[in-house]
Amino acid sequence: MRIFLIAGVAVLLSLTSCVTLLQSLLTQDNIVTDDRLAGQWTGNDSKNLLVQKMMDSKFKPTIQELDKHDYTEDDSLFFTKLYAISFRENNLNYSWLCGLVRIKDQYYLNFEPQECLTALKKESYTLEGQSFFTTTSFAKIEWKGENDLSLHFFNGDRLKKIILNGNARISYEYDPLFETFVITASSKELEQFLEKYGNNESLYDGGLTLNLVRKK
Amino acid sequence: MINEPLLRAAQHILFWVISFYIFLYIFKIGNKPGKIDYVYTILFHFFILPPVYINLAWLLPRLRRTNFWMGYFLINISLICLFSWLNLKFFSDWSNTVLPGYFFISYFNFFQVTLFFVVYLAISSLLKLSKSWFVVNSLQKELLVVEKEKAAREKELLELEAKALRAQMNPHFIFNCLNSIKSLMQEREMDKGVTYLTMFSKLIRTLFNNADKKEISLYDEIETCKLYLQLESMRFDSRFSYSVNIDEKIDLKSVQIPALIIQPFIENAIWHGIIPKANGGHIDLLVNQKNESVEVIIDDDGVGRAASLQNKAGLAHQSKGVHLTQSRLELNNLLQKKNAQLEIIDKKDDPQTATGTKVILTFNQAE
């Protein structure tokens, strides 16, 4: 199957230099929840983000879907820990599923794009059922207060350069023709990566930081 | 010739170079090994080297000396755990400080590292043991060759000794014969002396013919003995009589015995048994078949060995020929893998008076 490396989430958030992962950072062992996360948030450019628990969102799986995919009890538990984030820009509604991860007392948010719909809710770009894999990205969460948080993204270009220069030992795929680059390390390896370099400031230098304030 | 330590060092370097390239291709992240893979593989080897060389240089030789397997395994397990932990600690924590420009992310967990170490210790131990096996095997082969050479030399030495003993025998016998002829000459018995000399020359020719032979037929030996008995009988003017009785069933020519093995006993019977006896005596030379053996008996009715020893004032005068013959029989048994036996019986009558000596030589035909 041909793999399309979708960097949709990065494009949507204008995070052109964020890290793109083939494997999600989320595992059943490291996923956590934080009630503070749900709510309406306003970004630095006054854009609004709606963060909901997945089970309260439109992505809540139906009984039929659960049966269809033969989900286990652990999977169901996993779903309850996910968040859905909605965002609107250029007359398009974007949605992602996110998971909160705790690694060495540090929280990270893993993003996975779900859909991109027109204002009339006509499907313009859905990922389900297509012949490609979705990619994910992550950001470090810094709580500045109950209603104030920052999302720090790795500088993807810098990390890409480090990896392509042969200074980092992590699995990746690189297509020089389209300049597409994705880290293909397993969830466990990604966890090791963040355990070790999650607080390495040099990897965040030049990366995007989103400051979010809870909407009153 | 290649310097041994240099060759050993070359073998070790070759081993580690091969190991490096194998690991490099196991560890590589991309399609081709990158800089990080080279660095990672080198660093990984730094942690393998100490336990491997501690095992090779100290633990294995110690095990060979003490045979203390439990201690060996315990120390090895401790080494593996210690260096696996150091490996893990280095790549998970210390590498940040030591090599800040490098990002070691996909490193192995403790169990995986331990497995690598176990495999390495096992391979290096097996290589060392197989090398030792080859060395021991080679030494054993060399030892076998040396032992064979030694055995060949010993056999050669024994043959030379046997030859020397035969050479000693002949002058001894000749000396006695010439003494007999001298006695005849002194007693002016010229005809007897000439006959004696003729027979002696006949005997000497026989002896010369047999001189270089390890073995001769029993027939030749008996003929020599007959000549000798005749000579001595003439020499002592029939002071003793003799008879030769041979079992007709025995093919004397087919029985091989050491040359001149019987004659010394006849000589003893005459000179130390009969001659000291005032009224002379008789010697029987019998050849019998006994089961699968041929038995040669020299039976005299002389004074016996005890009286002979007293007459000669001690062991110094005991027949040199008997001693030589015994040695020759032993050597011959050893070299030819035969089982010839010598038995000397001191004959006595009822009041324990010596009535002569009986010598039984048994040659086992089955050997």
# chains A, B, ... in the order shown; residues from 1 in each chain; ligands from 1
$ closest_atom_pairs --of "chain B" --to "chain A" --cutoff "10 Å" --atoms "only C-alpha atoms" --output "JSON lines"
{"residue": "B:Phe27", "atom": "CA", "partner": "A:Arg169", "partner_atom": "CA", "distance": 9.4}
{"residue": "B:Lys28", "atom": "CA", "partner": "A:Arg169", "partner_atom": "CA", "distance": 8.4}
{"residue": "B:Ile29", "atom": "CA", "partner": "A:Ser171", "partner_atom": "CA", "distance": 5.4}
{"residue": "B:Gly30", "atom": "CA", "partner": "A:Ser171", "partner_atom": "CA", "distance": 6.6}
{"residue": "B:Asn31", "atom": "CA", "partner": "A:Glu173", "partner_atom": "CA", "distance": 9.6}
{"residue": "B:Pro33", "atom": "CA", "partner": "A:Gly166", "partner_atom": "CA", "distance": 8.9}
{"residue": "B:Gly34", "atom": "CA", "partner": "A:Gly166", "partner_atom": "CA", "distance": 5.3}
{"residue": "B:Lys35", "atom": "CA", "partner": "A:Gly166", "partner_atom": "CA", "distance": 4.9}
{"residue": "B:Ile36", "atom": "CA", "partner": "A:Gly166", "partner_atom": "CA", "distance": 5.1}
{"residue": "B:Asp37", "atom": "CA", "partner": "A:Arg169", "partner_atom": "CA", "distance": 7.1}
{"residue": "B:Tyr38", "atom": "CA", "partner": "A:Gly166", "partner_atom": "CA", "distance": 9.5}
{"residue": "B:Val39", "atom": "CA", "partner": "A:Asn167", "partner_atom": "CA", "distance": 9.1}
{"residue": "B:Tyr40", "atom": "CA", "partner": "A:Arg169", "partner_atom": "CA", "distance": 8.2}
{"residue": "B:Phe91", "atom": "CA", "partner": "A:Lys196", "partner_atom": "CA", "distance": 9.6}
{"residue": "B:Ser92", "atom": "CA", "partner": "A:Lys196", "partner_atom": "CA", "distance": 6.7}
{"residue": "B:Asp93", "atom": "CA", "partner": "A:Lys196", "partner_atom": "CA", "distance": 7.2}
{"residue": "B:Asn96", "atom": "CA", "partner": "A:Lys196", "partner_atom": "CA", "distance": 8.4}
{"residue": "B:Pro100", "atom": "CA", "partner": "A:Asn167", "partner_atom": "CA", "distance": 9.9}
{"residue": "B:Gly101", "atom": "CA", "partner": "A:Asn167", "partner_atom": "CA", "distance": 6.8}
{"residue": "B:Tyr102", "atom": "CA", "partner": "A:Asn167", "partner_atom": "CA", "distance": 4.8}
{"residue": "B:Phe103", "atom": "CA", "partner": "A:Ala168", "partner_atom": "CA", "distance": 4.2}
{"residue": "B:Phe104", "atom": "CA", "partner": "A:Arg169", "partner_atom": "CA", "distance": 5.0}
{"residue": "B:Ile105", "atom": "CA", "partner": "A:Phe193", "partner_atom": "CA", "distance": 5.2}
{"residue": "B:Ser106", "atom": "CA", "partner": "A:Ile170", "partner_atom": "CA", "distance": 5.4}
{"residue": "B:Tyr107", "atom": "CA", "partner": "A:Arg169", "partner_atom": "CA", "distance": 8.1}
{"residue": "B:Phe108", "atom": "CA", "partner": "A:Glu189", "partner_atom": "CA", "distance": 9.5}
$ write_last_selection --atoms "C-alpha atoms" --output "CSV table (one decimal), in the first residue's frame"
chain,number,residue,atom,x,y,z
B,27,PHE,CA,22.2,-1.5,15.0
B,28,LYS,CA,21.8,0.7,11.9
B,29,ILE,CA,18.6,2.7,11.9
B,30,GLY,CA,18.5,3.7,8.2
B,31,ASN,CA,19.1,1.8,5.0
B,33,PRO,CA,24.9,2.9,8.5
B,34,GLY,CA,25.1,6.6,9.5
B,35,LYS,CA,27.5,8.5,11.7
B,36,ILE,CA,25.4,7.8,14.8
B,37,ASP,CA,25.4,4.1,14.0
B,38,TYR,CA,29.2,4.0,13.9
B,39,VAL,CA,29.4,6.0,17.2
B,40,TYR,CA,26.8,3.8,18.8
B,91,PHE,CA,23.0,5.7,26.6
B,92,SER,CA,20.0,6.8,28.8
B,93,ASP,CA,21.7,9.4,30.9
B,96,ASN,CA,23.9,13.7,27.2
B,100,PRO,CA,26.1,16.5,23.8
B,101,GLY,CA,26.0,16.6,20.0
B,102,TYR,CA,24.6,13.1,19.7
B,103,PHE,CA,21.1,11.9,20.4
B,104,PHE,CA,20.9,8.3,21.4
B,105,ILE,CA,17.2,7.5,21.4
B,106,SER,CA,16.5,4.0,20.2
B,107,TYR,CA,18.7,2.2,22.7
B,108,PHE,CA,18.1,-1.3,24.1
$ residues_around --residues "Asp75 (chain A)" --least-positions-apart "4" --cutoff "12 Å" --atoms "only C-alpha atoms" --output "number ranges by chain"
A: 27-29, 31, 61, 66-67, 69-71, 79-82
$ write_last_selection --atoms "N, CA, C and O atoms" --output "mmCIF file, in the first residue's frame"
data_model
loop_
_atom_site.group_PDB
_atom_site.id
_atom_site.type_symbol
_atom_site.label_atom_id
_atom_site.label_comp_id
_atom_site.auth_asym_id
_atom_site.auth_seq_id
_atom_site.Cartn_x
_atom_site.Cartn_y
_atom_site.Cartn_z
ATOM 1 N N THR A 27 0.189 5.333 24.447
ATOM 2 C CA THR A 27 0.030 3.899 24.697
ATOM 3 C C THR A 27 -0.936 3.760 25.872
ATOM 4 O O THR A 27 -1.192 4.742 26.587
ATOM 5 N N GLN A 28 -1.432 2.579 26.046
ATOM 6 C CA GLN A 28 -2.379 2.386 27.145
ATOM 7 C C GLN A 28 -1.719 2.597 28.497
ATOM 8 O O GLN A 28 -2.394 2.816 29.499
ATOM 9 N N ASP A 29 -0.367 2.502 28.513
ATOM 10 C CA ASP A 29 0.337 2.674 29.785
ATOM 11 C C ASP A 29 0.606 4.139 30.118
ATOM 12 O O ASP A 29 0.710 4.492 31.290
ATOM 13 N N ILE A 31 -1.062 6.982 28.727
ATOM 14 C CA ILE A 31 -2.128 7.972 28.513
ATOM 15 C C ILE A 31 -2.759 8.355 29.860
ATOM 16 O O ILE A 31 -2.984 7.495 30.724
ATOM 17 N N PRO A 61 -17.451 6.681 19.721
ATOM 18 C CA PRO A 61 -17.811 5.549 18.861
ATOM 19 C C PRO A 61 -19.179 4.974 19.240
ATOM 20 O O PRO A 61 -19.545 4.948 20.403
ATOM 21 N N LEU A 66 -18.031 -0.071 17.585
ATOM 22 C CA LEU A 66 -17.214 -0.866 18.515
ATOM 23 C C LEU A 66 -17.246 -2.340 18.129
ATOM 24 O O LEU A 66 -16.217 -3.011 18.119
ATOM 25 N N ASP A 67 -18.462 -2.806 17.781
ATOM 26 C CA ASP A 67 -18.603 -4.217 17.365
ATOM 27 C C ASP A 67 -17.832 -4.485 16.090
ATOM 28 O O ASP A 67 -17.150 -5.504 15.943
ATOM 29 N N HIS A 69 -15.232 -3.066 14.860
ATOM 30 C CA HIS A 69 -13.772 -3.116 14.986
ATOM 31 C C HIS A 69 -13.291 -4.076 16.056
ATOM 32 O O HIS A 69 -12.099 -4.192 16.300
ATOM 33 N N ASP A 70 -14.255 -4.726 16.678
ATOM 34 C CA ASP A 70 -13.900 -5.714 17.683
ATOM 35 C C ASP A 70 -12.985 -5.125 18.757
ATOM 36 O O ASP A 70 -11.925 -5.653 19.083
ATOM 37 N N TYR A 71 -13.366 -3.999 19.294
ATOM 38 C CA TYR A 71 -12.563 -3.326 20.309
ATOM 39 C C TYR A 71 -12.611 -4.090 21.628
ATOM 40 O O TYR A 71 -13.627 -4.681 21.979
ATOM 41 N N PHE A 79 -10.312 5.014 24.801
ATOM 42 C CA PHE A 79 -11.129 6.062 24.156
ATOM 43 C C PHE A 79 -11.611 7.110 25.168
ATOM 44 O O PHE A 79 -11.651 8.296 24.866
ATOM 45 N N THR A 80 -11.907 6.610 26.355
ATOM 46 C CA THR A 80 -12.440 7.548 27.357
ATOM 47 C C THR A 80 -11.404 8.580 27.784
ATOM 48 O O THR A 80 -11.738 9.605 28.362
ATOM 49 N N LYS A 81 -10.127 8.253 27.499
ATOM 50 C CA LYS A 81 -9.052 9.170 27.917
ATOM 51 C C LYS A 81 -8.662 10.143 26.802
ATOM 52 O O LYS A 81 -7.785 10.987 26.997
ATOM 53 N N LEU A 82 -9.273 10.003 25.646
ATOM 54 C CA LEU A 82 -8.912 10.868 24.515
ATOM 55 C C LEU A 82 -9.710 12.178 24.550
ATOM 56 O O LEU A 82 -10.781 12.265 25.154
#
$ select_by_dssp --residues "region 87-214 of chain A" --states "helix (DSSP H, G or I)" --output "list in words"
Gly156, Asp157, Arg158, Leu159, Lys160, Lys161, Ile162, Ile163, Leu164, Ser187, Lys188, Glu189, Leu190, Glu191, Gln192, Phe193, Leu194, Glu195, Lys196, Tyr197, Glu201, Ser202, Leu203 and Tyr204 of chain A
$ atom_distance --atom1 "CA of Asn210 (chain B)" --atom2 "CA of Lys338 (chain B)"
19.9 Å
$ atom_distance --atom1 "CA of Val287 (chain B)" --atom2 "CA of Glu248 (chain B)"
9.2 Å
$ residues_around --residues "Ser150 (chain A)" --least-positions-apart "6" --cutoff "6 Å" --atoms "only C-alpha atoms" --output "NGL selection string"
:A and (141-142 or 210-212)
$ atom_distance --atom1 "CA of Thr195 (chain B)" --atom2 "CA of Tyr228 (chain B)"
12.8 Å
$ residues_around --residues "Ile298 (chain B)" --least-positions-apart "3" --cutoff "8 Å" --atoms "only C-alpha atoms" --output "list in words"
Phe265, Ile266, Ala269, Ile283, Asp284, Leu285, Leu286, Lys358, Val359 and Ile360 of chain B
$ closest_residue --among "A:Phe78, A:Tyr83, A:Gln40, A:Asp45" --to "Phe59 (chain A)" --atoms "only C-alpha atoms"
A:Tyr83
